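The data block below is final.txt; it holds compact mmCIF, C-alpha atoms.
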# COMPACT_ATOMS: atom_id res chain seq x y z
CA MET A 17 -70.26 44.29 -11.32
CA ALA A 18 -73.38 42.13 -11.33
CA ALA A 19 -73.87 39.81 -8.36
CA ARG A 20 -73.22 36.16 -9.06
CA THR A 21 -76.40 34.10 -9.22
CA SER A 22 -76.66 30.35 -8.86
CA PRO A 23 -78.50 28.37 -11.57
CA GLN A 24 -81.94 27.10 -10.60
CA PRO A 25 -81.84 23.44 -9.53
CA ALA A 26 -83.67 20.78 -11.54
CA ILE A 27 -86.21 19.36 -9.10
CA ARG A 28 -88.61 16.45 -9.28
CA LEU A 29 -91.19 15.79 -6.56
CA VAL A 30 -92.63 12.27 -6.56
CA GLU A 31 -95.63 11.38 -4.38
CA SER A 32 -96.91 7.82 -4.06
CA ALA A 33 -98.59 5.53 -1.57
CA ALA A 34 -96.34 2.69 -2.81
CA THR A 35 -93.02 2.59 -0.99
CA GLU A 36 -91.44 0.46 -3.72
CA LEU A 37 -92.42 2.98 -6.40
CA ARG A 38 -90.74 5.81 -4.47
CA LEU A 39 -87.66 3.67 -3.94
CA THR A 40 -87.56 2.72 -7.63
CA GLU A 41 -87.52 6.39 -8.61
CA ALA A 42 -84.83 7.11 -6.04
CA ARG A 43 -82.66 4.17 -7.20
CA ALA A 44 -82.90 5.27 -10.84
CA PHE A 45 -81.93 8.83 -9.88
CA VAL A 46 -78.92 7.66 -7.85
CA GLN A 47 -77.74 5.15 -10.46
CA ASP A 48 -77.82 7.79 -13.18
CA ARG A 49 -76.01 10.52 -11.19
CA ALA A 50 -73.57 8.36 -9.22
CA ALA A 51 -71.64 7.52 -12.37
CA ARG A 52 -70.90 11.24 -12.83
CA GLY A 53 -69.59 12.03 -9.34
CA GLU A 54 -70.52 12.31 -5.70
CA MET A 55 -74.02 12.88 -4.37
CA ARG A 56 -76.00 13.06 -1.15
CA ILE A 57 -78.78 10.75 0.02
CA VAL A 58 -80.78 12.28 2.86
CA ALA A 59 -83.58 10.34 4.54
CA ALA A 60 -85.66 10.44 7.68
CA SER A 61 -83.21 7.94 9.20
CA ARG A 62 -79.63 6.93 8.45
CA GLY A 63 -80.79 3.35 8.03
CA ALA A 64 -83.15 4.30 5.20
CA ALA A 65 -80.37 6.20 3.42
CA ASP A 66 -77.97 3.26 3.84
CA GLU A 67 -80.53 0.80 2.51
CA LEU A 68 -81.07 2.88 -0.64
CA ALA A 69 -77.30 2.99 -1.23
CA ARG A 70 -77.03 -0.78 -0.69
CA SER A 71 -79.84 -1.47 -3.16
CA VAL A 72 -78.04 0.65 -5.77
CA ALA A 73 -74.77 -1.20 -5.12
CA ARG A 74 -76.49 -4.59 -5.47
CA GLU A 75 -77.75 -3.63 -8.92
CA SER A 76 -74.77 -1.63 -10.17
CA GLY A 77 -71.79 -3.24 -8.46
CA ALA A 78 -69.13 -1.13 -6.75
CA THR A 79 -70.49 2.36 -6.16
CA LEU A 80 -68.49 5.25 -4.70
CA GLY A 81 -69.32 8.75 -3.61
CA LEU A 82 -72.76 8.20 -2.06
CA HIS A 83 -72.85 10.32 1.09
CA ARG A 84 -75.66 9.04 3.33
CA PHE A 85 -77.27 10.98 6.16
CA SER A 86 -80.38 11.30 8.22
CA ILE A 87 -81.69 14.85 8.04
CA THR A 88 -80.43 15.51 11.58
CA GLN A 89 -76.99 13.99 10.89
CA LEU A 90 -76.45 16.24 7.89
CA ALA A 91 -77.51 19.32 9.87
CA ALA A 92 -75.10 18.34 12.63
CA ARG A 93 -72.22 17.80 10.19
CA LEU A 94 -72.77 21.17 8.56
CA ALA A 95 -73.21 23.05 11.85
CA VAL A 96 -70.50 21.45 13.98
CA HIS A 97 -67.62 23.80 13.17
CA GLU A 98 -69.64 26.97 13.58
CA LEU A 99 -71.11 25.76 16.86
CA ALA A 100 -67.60 24.91 18.05
CA GLU A 101 -66.44 28.43 17.19
CA GLN A 102 -69.35 29.74 19.28
CA GLY A 103 -68.33 27.47 22.15
CA ARG A 104 -71.61 25.54 21.91
CA ALA A 105 -72.20 21.80 21.75
CA PRO A 106 -75.26 19.95 20.41
CA VAL A 107 -77.27 18.11 23.07
CA THR A 108 -79.37 14.97 22.81
CA TYR A 109 -83.05 14.83 23.63
CA LEU A 110 -82.09 13.51 27.06
CA GLY A 111 -79.96 16.61 27.50
CA SER A 112 -82.96 18.76 26.60
CA GLU A 113 -84.95 17.01 29.32
CA ALA A 114 -82.24 17.89 31.83
CA VAL A 115 -82.33 21.54 30.73
CA ALA A 116 -86.13 21.53 31.03
CA ALA A 117 -85.88 20.08 34.54
CA ARG A 118 -83.47 22.86 35.51
CA ALA A 119 -85.81 25.49 34.02
CA VAL A 120 -88.76 24.08 35.99
CA PHE A 121 -86.72 24.10 39.20
CA GLU A 122 -85.65 27.73 38.79
CA VAL A 123 -89.10 29.05 37.84
CA GLN A 124 -90.79 26.99 40.55
CA ARG A 125 -88.31 28.24 43.15
CA SER A 126 -89.22 31.83 42.30
CA GLY A 127 -92.89 31.05 42.95
CA ALA A 128 -93.88 32.27 39.47
CA LEU A 129 -95.73 29.14 38.34
CA THR A 130 -99.50 29.14 38.75
CA TYR A 131 -101.29 26.85 36.28
CA PHE A 132 -98.56 24.17 36.30
CA ALA A 133 -97.67 24.53 39.98
CA PRO A 134 -99.63 21.43 41.12
CA VAL A 135 -97.90 19.13 38.59
CA ALA A 136 -94.47 20.76 38.21
CA GLY A 137 -92.95 18.34 40.72
CA ALA A 138 -94.28 15.22 39.00
CA PRO A 139 -91.55 12.90 37.60
CA GLY A 140 -92.82 13.05 34.02
CA PHE A 141 -93.30 16.82 33.84
CA PRO A 142 -89.78 17.77 32.62
CA ARG A 143 -90.00 15.20 29.81
CA ALA A 144 -93.39 16.46 28.63
CA LEU A 145 -92.24 20.06 28.98
CA ALA A 146 -89.04 19.43 26.99
CA ARG A 147 -91.06 18.02 24.10
CA THR A 148 -93.48 20.98 24.16
CA LEU A 149 -90.73 23.60 24.37
CA GLN A 150 -88.72 21.96 21.59
CA GLU A 151 -91.81 22.01 19.34
CA LEU A 152 -92.34 25.70 20.13
CA ARG A 153 -88.72 26.49 19.27
CA LEU A 154 -88.86 24.49 16.04
CA ALA A 155 -92.07 26.33 15.13
CA GLN A 156 -90.28 29.63 15.91
CA VAL A 157 -92.91 30.67 18.46
CA PRO A 158 -91.51 33.40 20.78
CA ALA A 159 -92.27 33.43 24.48
CA GLY A 160 -94.17 36.69 24.10
CA ALA A 161 -96.74 35.02 21.86
CA LEU A 162 -97.66 32.62 24.67
CA GLU A 163 -98.34 35.14 27.41
CA ALA A 164 -101.86 36.05 26.22
CA LEU A 165 -102.98 32.44 25.87
CA PRO A 166 -105.48 31.13 28.43
CA LEU A 167 -104.78 28.57 31.14
CA GLY A 168 -101.08 27.63 30.97
CA GLY A 169 -99.96 30.29 28.47
CA PRO A 170 -98.21 32.64 30.95
CA ASP A 171 -96.48 29.69 32.65
CA LEU A 172 -95.28 28.34 29.30
CA ALA A 173 -93.92 31.77 28.38
CA LEU A 174 -91.88 31.86 31.61
CA LEU A 175 -90.64 28.30 31.13
CA LEU A 176 -89.66 28.91 27.49
CA GLU A 177 -87.67 32.01 28.46
CA ARG A 178 -85.92 30.06 31.22
CA PHE A 179 -85.35 27.10 28.89
CA ASP A 180 -83.57 29.38 26.41
CA HIS A 181 -81.56 30.98 29.21
CA GLU A 182 -80.41 27.61 30.57
CA PHE A 183 -79.27 26.52 27.09
CA ASP A 184 -77.25 29.71 26.72
CA THR A 185 -75.75 29.31 30.19
CA ALA A 186 -74.72 25.72 29.41
CA SER A 187 -73.30 26.73 25.98
CA ALA A 188 -75.53 24.05 24.48
CA ALA A 189 -77.44 23.87 21.20
CA ASP A 190 -80.80 22.18 20.87
CA ARG A 191 -82.36 20.80 17.68
CA ALA A 192 -83.77 24.16 16.59
CA THR A 193 -80.38 25.87 16.98
CA LEU A 194 -78.69 23.01 15.13
CA PHE A 195 -80.95 23.39 12.08
CA ARG A 196 -80.78 27.19 12.05
CA THR A 197 -76.98 27.08 12.19
CA ALA A 198 -76.78 24.47 9.42
CA THR A 199 -79.09 26.56 7.23
CA ALA A 200 -76.86 29.61 7.68
CA VAL A 201 -73.80 27.54 6.76
CA LEU A 202 -75.46 26.27 3.57
CA ASP A 203 -76.50 29.77 2.58
CA ARG A 204 -72.90 30.96 2.94
CA GLN A 205 -71.55 27.95 1.05
CA SER A 206 -73.81 28.74 -1.90
CA THR A 207 -71.81 31.94 -2.51
CA ALA A 208 -68.37 30.66 -1.47
CA THR A 209 -65.88 28.06 -2.66
CA PRO A 210 -67.07 24.58 -1.55
CA GLN A 211 -64.92 22.92 1.07
CA SER A 212 -65.38 19.50 2.69
CA LEU A 213 -68.98 19.03 1.54
CA ASP A 214 -69.55 20.14 -2.05
CA PRO A 215 -72.82 22.10 -2.26
CA GLY A 216 -72.98 21.25 -5.96
CA GLN A 217 -73.75 17.58 -5.40
CA PRO A 218 -77.03 16.07 -6.64
CA LEU A 219 -79.46 15.40 -3.82
CA VAL A 220 -82.08 12.78 -2.94
CA LEU A 221 -84.54 13.70 -0.19
CA LEU A 222 -86.10 10.33 0.60
CA ASP A 223 -89.40 10.66 2.51
CA VAL A 224 -87.95 13.36 4.77
CA PRO A 225 -90.65 14.69 7.13
CA LEU A 226 -90.99 18.48 7.20
CA ASP A 227 -92.45 18.79 10.66
CA SER A 228 -91.45 22.36 11.48
CA PRO A 229 -90.59 25.68 9.81
CA VAL A 230 -86.97 25.41 11.01
CA GLU A 231 -86.48 21.98 9.41
CA PHE A 232 -88.21 23.16 6.22
CA GLU A 233 -85.89 26.17 5.93
CA PHE A 234 -82.95 23.76 6.16
CA VAL A 235 -84.42 21.60 3.39
CA ARG A 236 -84.99 24.70 1.25
CA ALA A 237 -81.33 25.63 1.68
CA LEU A 238 -80.31 22.08 0.70
CA ILE A 239 -82.41 22.28 -2.45
CA ARG A 240 -81.01 25.70 -3.35
CA SER A 241 -77.45 24.42 -2.99
CA SER A 242 -77.96 21.33 -5.19
CA PRO A 243 -78.08 21.41 -9.00
CA ASP A 244 -80.22 18.29 -9.36
CA VAL A 245 -82.80 17.16 -6.79
CA LEU A 246 -85.27 14.32 -6.34
CA VAL A 247 -87.79 14.58 -3.49
CA THR A 248 -90.04 11.65 -2.59
CA VAL A 249 -93.09 12.06 -0.36
CA PRO A 250 -95.45 9.36 0.90
CA PHE A 251 -99.03 9.80 -0.27
CA GLY A 252 -101.05 11.76 2.26
CA ASP A 253 -98.17 13.68 3.86
CA ILE A 254 -100.15 16.89 3.45
CA GLN A 255 -97.84 18.97 5.62
CA ALA A 256 -94.76 18.15 3.53
CA LEU A 257 -96.66 18.66 0.25
CA ASN A 258 -98.03 22.03 1.39
CA ARG A 259 -94.60 23.25 2.47
CA LEU A 260 -93.07 22.14 -0.84
CA ALA A 261 -95.93 23.74 -2.75
CA SER A 262 -95.01 27.04 -1.08
CA ILE A 263 -91.75 27.03 -3.09
CA GLY A 264 -93.49 26.09 -6.31
CA LEU A 265 -93.09 22.29 -6.31
CA ARG A 266 -95.93 20.11 -7.55
CA PRO A 267 -95.89 16.32 -7.22
CA GLU A 268 -95.86 13.76 -9.98

Is it possible to give me this structure as structure tokens?
Amino acid sequence: MAARTSPQPAIRLVESAATELRLTEARAFVQDRAARGEMRIVAASRGAADELARSVARESGATLGLHRFSITQLAARLAVHELAEQGRAPVTYLGSEAVAARAVFEVQRSGALTYFAPVAGAPGFPRALARTLQELRLAQVPAGALEALPLGGPDLALLLERFDHEFDTASAADRATLFRTATAVLDRQSTATPQSLDPGQPLVLLDVPLDSPVEFEFVRALIRSSPDVLVTVPFGDIQALNRLASIGLRPE
């Protein structure tokens, strides 16, 4: 028996320096598809998604079935049940700072820090470290790749390993874990019967930043699971355009 294959989605990528032009394209897309059923609006923030839905409602009257999310909210909604089955809970950025502070304390107590030893006790160090370690995890950089770097590389490798360990010990999930889990859920949904969130819904990706490989893999899974997609990108967002070009998308 041949394996079931999903039809290729119809995708438009619109790039413009004019915010109103991007919004006009998004409104036209939503107005056309909303009359046929439910759809998803995903933006950099929930407020931006809500505002697009409100502008459609003002022009079209009562409008139902517009599911609005920030990119992080949608990842959290998709991942929540699987994380619960694993006994893990998503943490806020403040929670990540607390985990980073614990990692610093444990590594510092062992006397293993060298480069960062003079500043490890400074009040702002855990916050700066949490941001750095989160970026490394989102970029899928393993601790081993840091060890050979000059200056603070070996210290960062130790801190990243401890950071991961503390998350596991606390049964917590950071942003990188959240997106990876949501991507896996979408990939399974694409070959299974849709449940609470229909993977066959049209999709608007409104100026969603693609800052890391983990977030981009999630967006790729969203696109694969949607039959009809509009992506808008502000002019000059080279990183997003390059990532989208890697899957064959060229902007209008």

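Taking atom CA of Leu162 of chain A as the reference point, atom CA of Leu145 of chain A is found at 14.3 Å.
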
Query - One-decimal distance in Å that lies between atom CA of Ala189 of chain A and atom CA of Gly169 of chain A - result: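 Taking atom CA of Gly169 of chain A as the start and atom CA of Ala189 of chain A as the end point, the length is 24.5 Å.
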
Hey, could you pull the box centre and edge lengths for segment 102-120 of chain A, axis-aligned, 3 Å padding per side, all listed atoms, to one decimal in Å, as JSON?
{"center_x": -78.5, "center_y": 21.6, "center_z": 27.6, "size_x": 26.4, "size_y": 22.2, "size_z": 22.7}

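The residue that comes closest to Ser76 of chain A, out of A:Ala59, A:Ala116, A:Ala50, A:Leu167 and on the basis of all atoms listed in the file, is A:Ala50.
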
Report task. Could you please give me, as a list in words, the residues of protein, DNA or RNA lying at most 12 Å from (-77.3, 29.1, 26.7) in the coordinate frame of the file, considering only C-alpha atoms? Result ->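 Returned residue set, sorted by chain then number, is Gln102, Gly103, Arg104, Ala105, Pro106, Val107, Ser112, Val115, Ala119, Glu177, Arg178, Phe179, Asp180, His181, Glu182, Phe183, Asp184, Thr185, Ala186, Ser187, Ala188, Ala189, Asp190 and Thr193 of chain A.
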
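Nearest residue to Gly216 of chain A among A:Thr199, A:Ser242, A:Ser228, A:Thr248 is A:Ser242, counting all atoms listed in the file.
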
Query raised in the report: Can you list, as a PyMOL selection string, every protein, DNA or RNA residue that comes within 9 Å of Gly252 of chain A when you count all atoms listed in the file, leaving out same-chain residues fewer than 5 positions away?
Result: chain A and resi 31-33+257

**Report entry** Separation of atom CA of Glu233 of chain A from atom CA of Ser61 of chain A, in Å and rounded to one decimal
**Finding:**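 That distance, rounded to one decimal, is 18.7 Å.
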
Mind filling out segment 170-182 of chain A with N, CA, C and O atoms and sending it as an mmCIF file, in the frame of the given file?
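Written output follows (selection_4.cif):
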data_model
loop_
_atom_site.group_PDB
_atom_site.id
_atom_site.type_symbol
_atom_site.label_atom_id
_atom_site.label_comp_id
_atom_site.auth_asym_id
_atom_site.auth_seq_id
_atom_site.Cartn_x
_atom_site.Cartn_y
_atom_site.Cartn_z
ATOM 1 N N PRO A 170 -99.243 31.863 30.243
ATOM 2 C CA PRO A 170 -98.210 32.640 30.950
ATOM 3 C C PRO A 170 -97.115 31.763 31.560
ATOM 4 O O PRO A 170 -95.934 32.131 31.523
ATOM 5 N N ASP A 171 -97.491 30.603 32.105
ATOM 6 C CA ASP A 171 -96.480 29.690 32.650
ATOM 7 C C ASP A 171 -95.550 29.187 31.553
ATOM 8 O O ASP A 171 -94.325 29.104 31.740
ATOM 9 N N LEU A 172 -96.114 28.826 30.400
ATOM 10 C CA LEU A 172 -95.280 28.340 29.300
ATOM 11 C C LEU A 172 -94.323 29.432 28.819
ATOM 12 O O LEU A 172 -93.178 29.143 28.476
ATOM 13 N N ALA A 173 -94.796 30.671 28.790
ATOM 14 C CA ALA A 173 -93.920 31.770 28.380
ATOM 15 C C ALA A 173 -92.726 31.879 29.324
ATOM 16 O O ALA A 173 -91.573 32.010 28.887
ATOM 17 N N LEU A 174 -92.976 31.805 30.629
ATOM 18 C CA LEU A 174 -91.880 31.860 31.610
ATOM 19 C C LEU A 174 -90.923 30.691 31.433
ATOM 20 O O LEU A 174 -89.693 30.853 31.473
ATOM 21 N N LEU A 175 -91.483 29.492 31.248
ATOM 22 C CA LEU A 175 -90.640 28.300 31.130
ATOM 23 C C LEU A 175 -89.822 28.323 29.851
ATOM 24 O O LEU A 175 -88.664 27.904 29.842
ATOM 25 N N LEU A 176 -90.408 28.830 28.745
ATOM 26 C CA LEU A 176 -89.660 28.910 27.490
ATOM 27 C C LEU A 176 -88.504 29.895 27.619
ATOM 28 O O LEU A 176 -87.388 29.616 27.149
ATOM 29 N N GLU A 177 -88.745 31.041 28.243
ATOM 30 C CA GLU A 177 -87.670 32.010 28.460
ATOM 31 C C GLU A 177 -86.553 31.399 29.297
ATOM 32 O O GLU A 177 -85.364 31.576 29.000
ATOM 33 N N ARG A 178 -86.932 30.678 30.349
ATOM 34 C CA ARG A 178 -85.920 30.060 31.220
ATOM 35 C C ARG A 178 -85.193 28.934 30.497
ATOM 36 O O ARG A 178 -83.980 28.734 30.676
ATOM 37 N N PHE A 179 -85.925 28.187 29.688
ATOM 38 C CA PHE A 179 -85.350 27.100 28.890
ATOM 39 C C PHE A 179 -84.249 27.653 27.984
ATOM 40 O O PHE A 179 -83.129 27.124 27.936
ATOM 41 N N ASP A 180 -84.562 28.742 27.286
ATOM 42 C CA ASP A 180 -83.570 29.380 26.410
ATOM 43 C C ASP A 180 -82.373 29.869 27.219
ATOM 44 O O ASP A 180 -81.216 29.717 26.798
ATOM 45 N N HIS A 181 -82.646 30.458 28.368
ATOM 46 C CA HIS A 181 -81.560 30.980 29.210
ATOM 47 C C HIS A 181 -80.641 29.848 29.675
ATOM 48 O O HIS A 181 -79.406 29.999 29.666
ATOM 49 N N GLU A 182 -81.225 28.725 30.082
ATOM 50 C CA GLU A 182 -80.410 27.610 30.570
ATOM 51 C C GLU A 182 -79.555 27.022 29.446
ATOM 52 O O GLU A 182 -78.409 26.622 29.675
#
